[in-house]
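Quick look at upload39.cif (mmCIF, C-alpha atoms):
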data_my_file
loop_
_atom_site.label_atom_id
_atom_site.label_comp_id
_atom_site.auth_asym_id
_atom_site.auth_seq_id
_atom_site.Cartn_x
_atom_site.Cartn_y
_atom_site.Cartn_z
CA MET A 1 -21.68 111.05 -135.39
CA LEU A 2 -18.99 110.74 -132.74
CA ARG A 3 -20.17 112.50 -129.59
CA THR A 4 -19.36 110.32 -126.57
CA VAL A 5 -15.97 108.83 -125.71
CA ALA A 6 -15.06 106.41 -122.91
CA VAL A 7 -11.42 105.52 -122.23
CA LEU A 8 -10.58 102.46 -120.13
CA ALA A 9 -7.84 103.00 -117.55
CA LEU A 10 -6.73 99.55 -116.40
CA ASP A 11 -4.04 98.55 -113.92
CA ARG A 12 -0.54 99.61 -115.09
CA VAL A 13 -1.97 101.88 -117.77
CA ALA A 14 0.66 103.79 -119.78
CA PRO A 15 0.12 107.48 -118.95
CA PHE A 16 1.44 108.88 -122.22
CA GLU A 17 -0.87 106.74 -124.37
CA LEU A 18 -3.74 107.59 -122.03
CA GLY A 19 -2.76 111.24 -122.44
CA VAL A 20 -2.98 110.97 -126.23
CA LEU A 21 -6.64 109.98 -125.99
CA CYS A 22 -7.33 112.67 -123.39
CA GLU A 23 -5.61 115.31 -125.54
CA VAL A 24 -7.58 114.51 -128.69
CA PHE A 25 -11.01 113.71 -127.25
CA GLY A 26 -10.98 114.99 -123.67
CA THR A 27 -9.72 118.56 -124.16
CA ASP A 28 -12.47 121.13 -124.77
CA ARG A 29 -11.58 123.07 -127.93
CA THR A 30 -15.08 124.17 -128.85
CA ALA A 31 -14.02 127.79 -128.40
CA ASP A 32 -11.70 127.22 -131.37
CA GLY A 33 -14.58 125.87 -133.44
CA LEU A 34 -13.52 122.23 -133.03
CA PRO A 35 -15.87 119.40 -132.01
CA GLY A 36 -16.45 118.66 -128.34
CA TYR A 37 -17.14 115.26 -126.78
CA ARG A 38 -18.71 113.90 -123.62
CA PHE A 39 -15.59 112.28 -122.26
CA ALA A 40 -14.92 109.88 -119.37
CA VAL A 41 -11.87 108.00 -118.11
CA CYS A 42 -13.33 104.76 -116.77
CA GLY A 43 -12.03 102.29 -114.21
CA VAL A 44 -13.46 98.95 -113.16
CA ASP A 45 -15.03 100.40 -110.02
CA GLY A 46 -13.90 104.02 -110.17
CA ALA A 47 -11.07 103.33 -107.70
CA PRO A 48 -7.52 104.72 -108.15
CA VAL A 49 -5.49 102.99 -110.88
CA ARG A 50 -1.75 102.41 -110.90
CA THR A 51 0.16 103.61 -113.96
CA SER A 52 3.23 102.06 -115.54
CA SER A 53 5.21 105.13 -114.40
CA GLY A 54 4.63 104.50 -110.70
CA PHE A 55 1.96 107.02 -109.80
CA THR A 56 -1.79 106.52 -109.45
CA LEU A 57 -4.68 108.31 -111.09
CA LEU A 58 -8.35 108.56 -110.25
CA PRO A 59 -10.79 107.67 -113.06
CA SER A 60 -13.77 109.94 -113.45
CA ALA A 61 -16.24 107.05 -113.66
CA ASP A 62 -16.78 103.32 -113.38
CA LEU A 63 -17.67 101.19 -116.42
CA ALA A 64 -21.16 102.65 -116.88
CA PRO A 65 -20.20 105.22 -119.59
CA VAL A 66 -18.76 102.41 -121.73
CA ASP A 67 -22.28 101.13 -122.44
CA GLU A 68 -23.30 104.46 -123.99
CA ALA A 69 -20.10 105.60 -125.69
CA ASP A 70 -19.76 106.03 -129.46
CA LEU A 71 -16.05 105.32 -129.01
CA VAL A 72 -14.44 103.01 -126.43
CA ALA A 73 -10.67 103.35 -126.33
CA VAL A 74 -8.01 101.23 -124.60
CA PRO A 75 -4.55 102.79 -124.10
CA ALA A 76 -1.40 100.72 -123.67
CA HIS A 77 -0.77 98.65 -120.58
CA GLY A 78 1.11 95.47 -119.76
CA SER A 79 0.53 92.90 -122.51
CA ASP A 80 0.61 90.06 -119.95
CA ALA A 81 -1.89 91.63 -117.55
CA GLU A 82 -5.11 89.81 -116.78
CA VAL A 83 -8.09 91.94 -117.73
CA PRO A 84 -11.14 91.86 -115.40
CA PRO A 85 -14.07 89.93 -116.90
CA ALA A 86 -16.33 92.98 -116.48
CA VAL A 87 -14.06 94.98 -118.80
CA LEU A 88 -14.03 92.26 -121.45
CA ALA A 89 -17.81 91.97 -121.29
CA ALA A 90 -18.18 95.76 -121.64
CA LEU A 91 -15.92 95.77 -124.71
CA ARG A 92 -17.92 92.95 -126.31
CA ARG A 93 -21.17 94.83 -125.69
CA ALA A 94 -19.71 97.96 -127.26
CA ALA A 95 -18.61 96.01 -130.33
CA ASP A 96 -21.97 94.25 -130.59
CA ARG A 97 -23.87 97.55 -130.74
CA GLY A 98 -21.50 98.95 -133.40
CA ALA A 99 -19.48 101.44 -131.35
CA TYR A 100 -15.92 102.21 -132.37
CA VAL A 101 -13.50 100.12 -130.32
CA PHE A 102 -9.98 101.52 -130.45
CA SER A 103 -6.63 100.42 -128.99
CA VAL A 104 -3.31 102.22 -128.73
CA CYS A 105 -0.11 100.15 -128.78
CA SER A 106 -0.34 97.10 -126.47
CA GLY A 107 -3.99 97.91 -125.75
CA ALA A 108 -4.62 95.52 -128.66
CA PHE A 109 -3.99 92.63 -126.28
CA VAL A 110 -7.07 93.69 -124.29
CA LEU A 111 -9.17 93.60 -127.46
CA GLY A 112 -7.69 90.18 -128.18
CA GLN A 113 -8.69 88.88 -124.75
CA ALA A 114 -12.21 90.12 -125.46
CA GLY A 115 -12.25 88.06 -128.68
CA LEU A 116 -12.56 91.12 -130.90
CA LEU A 117 -9.51 90.49 -133.10
CA ASP A 118 -10.48 87.10 -134.52
CA GLY A 119 -10.89 87.33 -138.28
CA ARG A 120 -10.00 91.02 -138.21
CA ASP A 121 -7.11 93.12 -139.56
CA CYS A 122 -5.22 94.73 -136.68
CA THR A 123 -1.83 95.95 -135.52
CA THR A 124 0.18 96.86 -132.44
CA HIS A 125 3.68 98.13 -131.65
CA TRP A 126 6.31 96.38 -133.79
CA ARG A 127 7.90 94.83 -130.70
CA TYR A 128 4.67 92.97 -129.91
CA VAL A 129 3.30 91.94 -133.32
CA ASP A 130 4.70 88.38 -133.18
CA ASP A 131 3.36 87.87 -129.66
CA LEU A 132 -0.07 89.21 -130.64
CA GLN A 133 -0.21 86.90 -133.66
CA GLU A 134 0.87 83.90 -131.59
CA ARG A 135 -1.76 84.53 -128.93
CA HIS A 136 -4.51 85.25 -131.45
CA PRO A 137 -3.84 83.11 -134.52
CA LEU A 138 -7.21 83.97 -136.07
CA ALA A 139 -6.31 87.68 -136.15
CA ARG A 140 -4.69 89.18 -139.24
CA VAL A 141 -1.86 91.17 -137.65
CA ARG A 142 -0.39 93.74 -140.03
CA CYS A 143 3.09 94.24 -138.68
CA ASN A 144 4.03 97.32 -140.73
CA ALA A 145 0.91 99.45 -140.29
CA LEU A 146 0.85 102.61 -138.19
CA TYR A 147 -2.86 101.98 -137.63
CA VAL A 148 -5.52 99.68 -139.07
CA GLN A 149 -9.27 100.11 -139.30
CA ASP A 150 -11.46 97.05 -139.83
CA GLY A 151 -15.04 98.26 -139.70
CA PRO A 152 -15.57 99.91 -136.28
CA LEU A 153 -12.41 98.24 -134.90
CA LEU A 154 -9.37 100.52 -134.88
CA THR A 155 -5.91 99.47 -133.66
CA SER A 156 -2.68 101.44 -133.68
CA ALA A 157 1.03 100.96 -133.11
CA GLY A 158 3.18 103.03 -130.72
CA THR A 159 2.46 106.36 -129.07
CA ALA A 160 2.72 108.62 -132.12
CA ALA A 161 0.74 106.12 -134.18
CA GLY A 162 -2.03 106.51 -131.60
CA ILE A 163 -2.18 110.20 -132.52
CA ASP A 164 -2.27 109.24 -136.21
CA ALA A 165 -5.20 106.91 -135.58
CA CYS A 166 -7.08 109.52 -133.52
CA LEU A 167 -6.70 112.08 -136.31
CA HIS A 168 -7.81 109.47 -138.84
CA LEU A 169 -10.98 108.93 -136.83
CA VAL A 170 -11.59 112.67 -136.50
CA ARG A 171 -11.04 113.05 -140.26
CA GLN A 172 -13.49 110.23 -140.93
CA GLU A 173 -16.15 111.64 -138.60
CA HIS A 174 -15.73 115.39 -139.10
CA GLY A 175 -13.82 115.86 -142.36
CA SER A 176 -10.25 116.69 -143.39
CA ALA A 177 -10.49 120.38 -142.56
CA VAL A 178 -11.35 119.68 -138.91
CA ALA A 179 -8.62 117.03 -138.59
CA THR A 180 -6.04 119.41 -140.08
CA ARG A 181 -7.04 122.23 -137.73
CA LEU A 182 -6.86 119.91 -134.74
CA ALA A 183 -3.43 118.65 -135.83
CA ARG A 184 -2.19 122.21 -136.20
CA ARG A 185 -3.56 123.04 -132.74
CA MET A 186 -1.65 120.03 -131.33
CA VAL A 187 1.45 120.87 -133.42
CA VAL A 188 1.58 117.43 -135.05
CA PRO A 189 1.41 116.41 -138.73
CA PRO A 190 -2.16 115.72 -139.92
CA HIS A 191 -0.90 112.61 -141.70
CA ARG A 192 2.39 110.66 -141.72
CA ASP A 193 3.70 108.62 -144.61
CA GLY A 194 5.11 105.12 -144.38
CA GLY A 195 4.66 102.33 -141.88
CA GLN A 196 6.21 100.93 -138.72
CA ALA A 197 9.11 99.29 -140.56
CA GLN A 198 10.90 102.62 -140.82
CA TYR A 199 11.01 102.84 -137.01
CA VAL A 200 12.15 99.27 -136.35
CA GLU A 201 15.76 99.19 -135.18
CA ALA A 202 17.85 97.94 -138.09
CA PRO A 203 20.56 95.51 -136.99
CA ILE A 204 24.03 95.80 -138.45
CA PRO A 205 24.06 93.42 -141.42
CA ARG A 206 25.85 90.21 -140.57
CA ALA A 207 26.01 86.69 -141.84
CA PRO A 208 23.57 84.32 -140.10
CA GLU A 209 24.53 81.08 -138.48
CA ALA A 210 24.67 78.77 -141.51
CA PRO A 211 27.10 75.90 -140.93
CA THR A 212 27.73 75.02 -144.59
CA LEU A 213 27.35 78.43 -146.19
CA GLU A 214 28.86 80.68 -143.51
CA PRO A 215 32.17 81.22 -145.39
CA VAL A 216 30.29 82.33 -148.51
CA LEU A 217 27.89 84.57 -146.57
CA THR A 218 30.73 86.15 -144.61
CA TRP A 219 32.44 86.96 -147.91
CA LEU A 220 29.15 88.22 -149.30
CA MET A 221 28.63 90.68 -146.43
CA GLY A 222 31.83 92.45 -147.45
CA HIS A 223 30.86 92.61 -151.12
CA LEU A 224 27.23 93.76 -151.11
CA ASP A 225 28.09 96.49 -153.61
CA ARG A 226 28.94 93.95 -156.31
CA PRO A 227 26.48 92.54 -158.86
CA LEU A 228 26.08 88.91 -157.85
CA THR A 229 24.29 85.88 -159.28
CA VAL A 230 23.23 82.58 -157.74
CA GLU A 231 25.56 80.83 -160.19
CA GLU A 232 28.53 82.87 -158.99
CA LEU A 233 27.73 82.23 -155.33
CA ALA A 234 27.16 78.54 -155.97
CA GLU A 235 30.55 78.30 -157.65
CA ARG A 236 32.19 79.97 -154.68
CA ALA A 237 30.45 77.43 -152.39
CA GLY A 238 31.54 74.54 -154.63
CA MET A 239 27.97 73.46 -155.40
CA SER A 240 25.64 73.34 -158.35
CA PRO A 241 23.18 76.29 -158.49
CA ARG A 242 20.26 73.96 -157.66
CA THR A 243 22.04 72.40 -154.66
CA PHE A 244 23.18 75.84 -153.49
CA ALA A 245 19.64 77.27 -153.65
CA ARG A 246 18.22 74.28 -151.76
CA ARG A 247 20.94 74.40 -149.08
CA PHE A 248 20.57 78.19 -148.78
CA ARG A 249 16.86 77.96 -148.02
CA ALA A 250 17.44 75.12 -145.56
CA GLU A 251 20.06 77.07 -143.61
CA THR A 252 18.73 80.65 -143.81
CA GLY A 253 14.98 80.11 -144.27
CA THR A 254 14.77 82.17 -147.45
CA THR A 255 16.01 82.40 -151.04
CA PRO A 256 19.44 83.83 -151.98
CA HIS A 257 17.79 86.76 -153.77
CA ASP A 258 15.50 87.65 -150.87
CA TRP A 259 18.29 87.35 -148.30
CA LEU A 260 20.66 89.47 -150.37
CA THR A 261 18.02 92.14 -151.00
CA ASN A 262 17.21 92.32 -147.29
CA GLN A 263 20.88 92.74 -146.36
CA ARG A 264 21.27 95.47 -148.96
CA VAL A 265 18.23 97.31 -147.61
CA LEU A 266 19.65 97.10 -144.07
CA LEU A 267 22.94 98.53 -145.32
CA ALA A 268 21.10 101.29 -147.19
CA ARG A 269 19.24 102.22 -144.00
CA ARG A 270 22.51 102.62 -142.13
CA LEU A 271 24.01 104.73 -144.90
CA LEU A 272 20.94 106.97 -145.07
CA GLU A 273 20.97 107.42 -141.28
CA GLU A 274 24.69 107.88 -140.72
CA THR A 275 26.09 109.56 -143.86
CA ARG A 276 25.34 112.42 -146.23
CA LEU A 277 25.84 110.29 -149.32
CA SER A 278 23.38 111.00 -152.13
CA VAL A 279 20.63 108.45 -152.73
CA GLU A 280 22.43 107.46 -155.95
CA ALA A 281 25.67 106.85 -154.02
CA VAL A 282 23.82 104.88 -151.34
CA ALA A 283 22.29 102.74 -154.10
CA GLY A 284 25.75 102.03 -155.48
CA GLN A 285 27.35 101.15 -152.14
CA ALA A 286 24.42 98.93 -151.17
CA GLY A 287 24.55 97.04 -154.46
CA PHE A 288 21.31 98.23 -156.04
CA GLY A 289 23.04 99.77 -159.04
CA ASP A 290 20.87 102.88 -159.32
CA ALA A 291 18.48 105.01 -157.29
CA ALA A 292 15.38 103.61 -159.01
CA ALA A 293 16.17 100.05 -157.95
CA LEU A 294 16.95 101.23 -154.41
CA ARG A 295 13.65 103.12 -154.17
CA HIS A 296 11.70 100.09 -155.40
CA HIS A 297 13.15 97.58 -152.94
CA PHE A 298 13.53 100.04 -150.05
CA THR A 299 9.92 101.22 -150.23
CA ARG A 300 8.59 97.66 -150.40
CA ARG A 301 10.50 96.54 -147.31
CA VAL A 302 10.59 99.69 -145.19
CA GLY A 303 7.31 101.36 -146.11
CA ALA A 304 8.92 104.70 -146.95
CA THR A 305 11.08 106.04 -149.78
CA PRO A 306 14.80 106.57 -149.09
CA ALA A 307 14.26 110.35 -149.10
CA VAL A 308 11.37 110.20 -146.60
CA TYR A 309 13.32 107.76 -144.41
CA ARG A 310 16.35 110.04 -144.35
CA ALA A 311 14.18 113.06 -143.53
CA THR A 312 12.58 111.13 -140.66
CA PHE A 313 15.98 110.26 -139.18
CA ARG A 314 17.92 113.33 -140.31
CA GLU A 315 18.94 114.12 -136.72
CA ARG A 316 21.11 111.00 -136.81
CA VAL A 317 23.19 112.24 -139.77
CA PRO A 318 26.42 113.86 -138.51
CA VAL A 319 27.35 117.33 -139.64
CA ALA A 320 30.17 117.21 -142.20
#

In structure tokens, what does this structure look like?
Amino acid sequence: MLRTVAVLALDRVAPFELGVLCEVFGTDRTADGLPGYRFAVCGVDGAPVRTSSGFTLLPSADLAPVDEADLVAVPAHGSDAEVPPAVLAALRRAADRGAYVFSVCSGAFVLGQAGLLDGRDCTTHWRYVDDLQERHPLARVRCNALYVQDGPLLTSAGTAAGIDACLHLVRQEHGSAVATRLARRMVVPPHRDGGQAQYVEAPIPRAPEAPTLEPVLTWLMGHLDRPLTVEELAERAGMSPRTFARRFRAETGTTPHDWLTNQRVLLARRLLEETRLSVEAVAGQAGFGDAAALRHHFTRRVGATPAVYRATFRERVPVA
């Protein structure tokens, strides 16, 4: 049972992500019938810690509570920061005795420095997933997940995903009813659909730099609504279909079908965000033909249905 929580406040800690952990586990809500925890914000030596917002905070303890905690959590801080050896050793001891070890956003880099991500599923904010994978090639970084649990290791994406992961842990430890009551008390959804892909900034579709194929791709970007075949595109490029497919992969890094589908999904995202077109109309303008095909490809690549995506970003849609 989860009873004791230690949160590590390292140099340049992100105060909002630290606040998420304090709000869920450090706020006494036992009067409302919710679980209470022995909670400590820990620093290397208990000295004041600088935050990424320019002010300092005073941890309530040194590293001692980490050795007894059921949950050790690391909020976001600079991904390039050097972590004190004592912190890394404390994290490894916590993992060795089976405690939950949990990171929010770029806190995953601290777990990586401690060697806790090797051979494990994990995630971090979408801006950092490539860097995390490069630094820790033995980790299995899931770029689209809001949070990932691999045994007692729990990693999450950005700030709101940290809340999602906290509620997931509360649900796992105390049941759905408790997690739902806590979410209602915090005025947040008890569970969010989809993955990180729906929050990644979608670039305006454009033709890539492809010396041989650029004229064809430029034409293609203006005709995404048309049904197109490799044979038709190859003819426009003056090549055989086999030569066209081989040259396409060499110059773009993917197949014609995959590239075209990705561009159509990007266009569909823009239309869902910026217009009030129906999903059927968006499917037609983006070249998917019908809403069923749009939902299939959109959900696979974005992690949310077109309707859920539009609801998430409905504030972007201008009033007619």

Would you give me, as a tab-separated table, each residue of region 73-100 of chain A having an atom within 7 Å of an atom of region 12-16 of chain A, along with its shortest atom pair and that distance in Å to one decimal, using only C-alpha atoms and sorting by chain and residue number?
residue	atom	partner	partner_atom	distance
A:Pro75	CA	A:Ala14	CA	6.8
A:Ala76	CA	A:Ala14	CA	5.4
A:His77	CA	A:Val13	CA	4.4
A:Gly78	CA	A:Arg12	CA	6.5

What separation in Å, quoted to one decimal, exists between CA of Thr275 (chain A) and CA of Gly222 (chain A)? 18.4 Å

As a check of understanding, name the residues that the PyMOL selection byres ((chain A and resi 149) around 10) selects in the supplied structure, as a list in words.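 Those residues are Tyr100, Val101, Phe102, Arg120, Asp121, Cys122, Thr123, Tyr147, Val148, Asp150, Gly151, Pro152, Leu153, Leu154, Thr155, Ser156, Ala165, His168 and Leu169 of chain A.
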
If the PyMOL selection byres ((chain A and resi 83) around 8) is run on the structure shown, which residues does it catch, given as a list in words?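 Evaluating the PyMOL selection byres ((chain A and resi 83) around 8) on these coordinates yields Leu10, Ala81, Glu82, Pro84, Pro85, Val87, Leu88, Val110 and Gln113 of chain A.
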
Please, could you write that set of residues out with C-alpha atoms as a short mmCIF file (atom, residue, chain, number, x, y, z; two decimals), in the frame of the given file?
data_model
loop_
_atom_site.label_atom_id
_atom_site.label_comp_id
_atom_site.auth_asym_id
_atom_site.auth_seq_id
_atom_site.Cartn_x
_atom_site.Cartn_y
_atom_site.Cartn_z
CA LEU A 10 -6.73 99.55 -116.40
CA ALA A 81 -1.89 91.63 -117.55
CA GLU A 82 -5.11 89.81 -116.78
CA PRO A 84 -11.14 91.86 -115.40
CA PRO A 85 -14.07 89.93 -116.90
CA VAL A 87 -14.06 94.98 -118.80
CA LEU A 88 -14.03 92.26 -121.45
CA VAL A 110 -7.07 93.69 -124.29
CA GLN A 113 -8.69 88.88 -124.75
#

Taking the file as shown, what set of residues would the PyMOL selection byres ((chain A and resi 31-35) around 9) give back, as a PyMOL selection string? chain A and resi 3+25+28-30+36-37+174+178+181-182

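CA of Val5 (chain A) is positioned 17.8 Å from CA of Asp45 (chain A).
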
At what distance in Å, to one decimal, does CA of Gln285 (chain A) lie from CA of Asp225 (chain A)?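 For CA of Asp225 (chain A) relative to CA of Gln285 (chain A), the distance reads 4.9 Å.
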
Best match for closeness to Thr299 (chain A) among A:Thr254, A:Asn144, A:Thr243, A:Arg171, counting only C-alpha atoms: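 Selected residue with least distance to Thr299 (chain A): A:Asn144.
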
Between A:Val188, A:Leu267, A:Ile163, A:Ala157, which one has atoms that come closest to His223 (chain A), using all atoms listed in the file?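 The answer is A:Leu267, which sits nearest to His223 (chain A).
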
Which residue is closest to Cys22 (chain A)? Choose from A:Pro227, A:Pro241, A:Gly175, A:Gly162 and count only C-alpha atoms.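 Selected residue with least distance to Cys22 (chain A): A:Gly162.
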
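Ranking A:Gly158, A:Gly253, A:Pro48, A:Gly115 by their shortest atom-to-atom distance to Leu138 (chain A), with only C-alpha atoms included, puts A:Gly115 first.
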
Write out as an MDAnalysis selection string which residues come within 10 Å of Arg264 (chain A) when counting all atoms listed in the file, dropping same-chain ones fewer than 5 positions away. chainID A and resid 205 221 224:225 258:259 269:270 283 285:288 294 297:298

At a cut-off of 6 Å from (-17.0, 103.7, -113.8) in the coordinates of the file, what residues are picked up using all atoms listed in the file, written as a PDB file with C-alpha atoms, keeping the file's coordinate frame?
ATOM      1  CA  CYS A  42     -13.330 104.760-116.770  1.00  0.00           C
ATOM      2  CA  GLY A  43     -12.030 102.290-114.210  1.00  0.00           C
ATOM      3  CA  VAL A  44     -13.460  98.950-113.160  1.00  0.00           C
ATOM      4  CA  ASP A  45     -15.030 100.400-110.020  1.00  0.00           C
ATOM      5  CA  GLY A  46     -13.900 104.020-110.170  1.00  0.00           C
ATOM      6  CA  ALA A  61     -16.240 107.050-113.660  1.00  0.00           C
ATOM      7  CA  ASP A  62     -16.780 103.320-113.380  1.00  0.00           C
ATOM      8  CA  LEU A  63     -17.670 101.190-116.420  1.00  0.00           C
ATOM      9  CA  ALA A  64     -21.160 102.650-116.880  1.00  0.00           C
TER      10      ALA A  64
END

Nearest to Leu116 (chain A): which of A:Leu220, A:Leu260, A:Arg226, A:Arg140 is it, counting only C-alpha atoms?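 Among the listed residues, A:Arg140 lies closest to Leu116 (chain A).
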